[in-house]
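Novice: Shown below is the structure under consideration.
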Amino acid sequence: MSDRFFLPGIFLMNRMRKKPIINNYIVYLGLSYATVLLIPLLIIVTGVSTMLYLYKEQIKEADLDKLVHCVQMIDDELISMTYRVTQVAQNADIRTMAELDKIESSNILQYKEGISALQNIINYATPGLQNDLYIYCNKADTVIYDSTLYRTGLFEKYLEGWGISTEEWHENLVSSKFTGGKYVRSQSGMLQYVQPINAKMNSSANDGVVVSIINTSKINQYFSILLEYGDYSLYIIDPKSNLLYTNNTEYELTVIDDKNGFPLEKASDSVISLTSAYCGWKYYIVLSERALFRKMTLIYSIGIGAGILTIGIMLIMMVHLSVHIGKPIDNLFALIDKEKVEKRNSAKFSEIVARILDSNEQLQEEMEKNKPMQRKAFFHDLLSLDITNPKELRYMAENVGVNIDYEICCIASVKLYANNDFYEIDEQTLSDARVMVQALMEQFEALVGENVWSYQRNYLCTLFIFGGVSAEGVEELVKEMQNLLEEMFGAESNWGISGNCDNILRLWKYCEEAEIAREHCNFHKPVVRYTTDLEDKNSFYFPEAAEERICSSVKAGNSETTKDILNIVFTENFENRIITRSSLMKLNGKLTDLLASLRIEEEETLHYILRLNDFMVHPENFRGDSYFELVREAFLNQCGSVNREKNFQKSQMAARIQKYILENWQNAELGLTMVSRMYQISEGYVSALFKEQTGVNFANYVENVRLEHACELLKTTEMSIDEISGMVGYNSVQSFRRAFKRVYNASPKEYRQG
């Protein structure tokens, strides 16, 4: 504790000595420090209370970010489910089946075709939030459920098991009085999505409905992050303020009135509210005070412990200083001398720092030290698909000192201690692994120069990237290194080698090839080169890396990269594999789910999804090239939509900038800096955007606007040239004359006289 704390005690002691109560200096100093003791105690109590409040709000804010992600995932699941239900409702065979008046031998075939169409749609789809699905046909009063045709009377046993009465079912679910899809909650708490079937597309009456039973337990799973609170309640409300789902059966609400706020069971409870961007659902999460307190127990304990510790230290110091009265004064003078020395030292240190910062050579050395970490980050971004275009790639590569001007490159993936499944991973093992990777890097650099880089996947797996070296050359190098590891370290290693990569933006794919090859290594064959024969020919190819790359490219409007990745997926699935119908169904499900999750041009996207699913329903007409041509068209259409929206926003921004210039051309400060501050964008972006949208350089446009007004003033007024130059936004008449001469090839005076 600083000796500054002693000063108030000395001051109070001196005041008490002037008006003595008890003639005992120890009592004086003791009472004075006891009084001063209250001040830090009050500060601690206030600080702990404030910290608890802020921590409570921080907990809620941190959980809010997680909950927003949960709601987005539920939205994605709902989009996939509603698309699937819409596809069922619009299927031609199912609409024909719904139009039948009754079950007869003459129309059994039509019922079979409808049931078959239903199974083809739902069997190979990802279940997601859909727990079950059935179709009700109004005219024939029949239900298709679990590939079986039921009369309504027989189907009632399922309704009874679900806790739904026949009256409620007819009134809320299978009524022909509604249009469009809707979410319905039964009295038993079951949540369902209902979509009408219209045999005639323009008919106002429904011929039946498709009912999708939603798996509410999976909704609970998405909110499992709240289990750490123990006590929480979840309420999901539709846009009409009707309750759709809750996990609180004891305090259940049916309708929420937003005007009066969310009705809490206890006043001390806290509410987190979220709204779905897709369907407008409102999520209310109610956390009890007890649940929040449970997370803050550690803070409470620290606060109480700090208070007790402070009191103990203060009491000890109070007694000590009361006995040694003169010590605080001695310490005070010593403290003053000490501060003078510290100020002198601080001034010297500041001079040293200034000299270091002024030395460009020192800074360059620091940058060189950071390059290994920057290079690792570069390869991480490249392999995790965060770099999407050649310009960005070249810029980042130059910054970290990586040469990418190679016709080919190749990747080798190594796993150390490969054939020992029971090897204990301890600190010594990790240290040995680091030494081995460093030794390998030094040997590779000695053999091929600086055209090799390493990227560590985990503590035992590392990628080596060779620039300008073919797969055959890498294989020879790797065999030599594999023997070196056994001789020097006694460590077994498995090596996988990719094919020749001719486009470094595709490095992620060749990384996969190297790791697939490594997985086929064994004790007798520790080095394996990738060939297409290593792939599982009966499974489909659509890795997460490709999915993420397509997603990021479409959102960026990058049609070339999107087409490039889709071509890889096509080649791998329809040229390098013999894909089964089951795998094709799963691939189609992944592609259509990705299309739906992007939420771009939703009506057109639904149209493409229905056409792609038609390929699955009618396999006899399937052709891989035709199918993938439609896939490419669907994703490129989304890229086009993104670019059109970007161009529209750019044109709007350029128009706003032009309007701003026309309103402020007289302001001498008007320039890129002023406009960038106005619209919160960089000066470089303003310049590039304006030139792209108008075809005119920003500075030239501002100059032309000013000079046009100057010409008008020269023609119509007797104002001096100095006055005109200031009026049109020039800081000096010389700058005005130079600009005027450059544009009109005449001075302002000559222009006025002419």
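Scheme for the structure tokens: letters A, B, ... for chains in order shown; per-chain residue numbers from 1; ligand numbers from 1 in order shown.
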Quick one: residues within 8 Å of Met190 (chain A), only C-alpha atoms, excluding same-chain residues fewer than 2 positions away - as a list in words?

Specialist: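 After dropping sequence-adjacent residues, the list is Trp162, Arg185, Ser186, Gln187, Ser188, Gln192, Ile213, Ile214 and Thr216 of chain A.
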
Novice: Restricted to C-alpha atoms, what would the selected residues look like written as a compact mmCIF listing (two decimals), in the first residue's frame?

Specialist:
```
# COMPACT_ATOMS: atom_id res chain seq x y z
CA TRP A 162 -50.32 -37.22 -29.98
CA ARG A 185 -49.75 -25.50 -31.70
CA SER A 186 -52.11 -28.15 -30.37
CA GLN A 187 -53.56 -28.10 -26.88
CA SER A 188 -51.13 -30.87 -25.95
CA GLN A 192 -46.92 -28.44 -36.52
CA ILE A 213 -44.73 -32.34 -37.11
CA ILE A 214 -41.87 -30.27 -35.70
CA THR A 216 -39.50 -29.44 -30.42
```

Novice: Using only C-alpha atoms, which of the listed residues (A:Ile316, A:Ala433, A:Val617, A:Val184) sits closest to Ile121 (chain A)?

Specialist: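 Of the candidates, the smallest distance to Ile121 (chain A) is held by A:Val617.
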
Novice: Using only C-alpha atoms, determine which residues lie at most 9 Å from Tyr183 (chain A), disregarding the query and same-chain residues fewer than 5 positions distant; provide the list as a CSV table (one decimal) with C-alpha atoms, in the first residue's frame.

Specialist:
```csv
chain,number,residue,atom,x,y,z
A,191,LEU,CA,-46.0,-27.8,-32.9
A,192,GLN,CA,-46.9,-28.4,-36.5
A,193,TYR,CA,-46.5,-26.7,-39.9
A,194,VAL,CA,-49.4,-27.0,-42.3
A,238,ASP,CA,-45.6,-16.1,-33.5
A,244,LEU,CA,-46.1,-21.8,-30.3
```

Novice: Could you tell me how far CA of Ser539 (chain A) sits from CA of Leu584 (chain A), in Å to one decimal place?

Specialist: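 If I compute the distance from CA of Leu584 (chain A) to CA of Ser539 (chain A), I get 8.6 Å.
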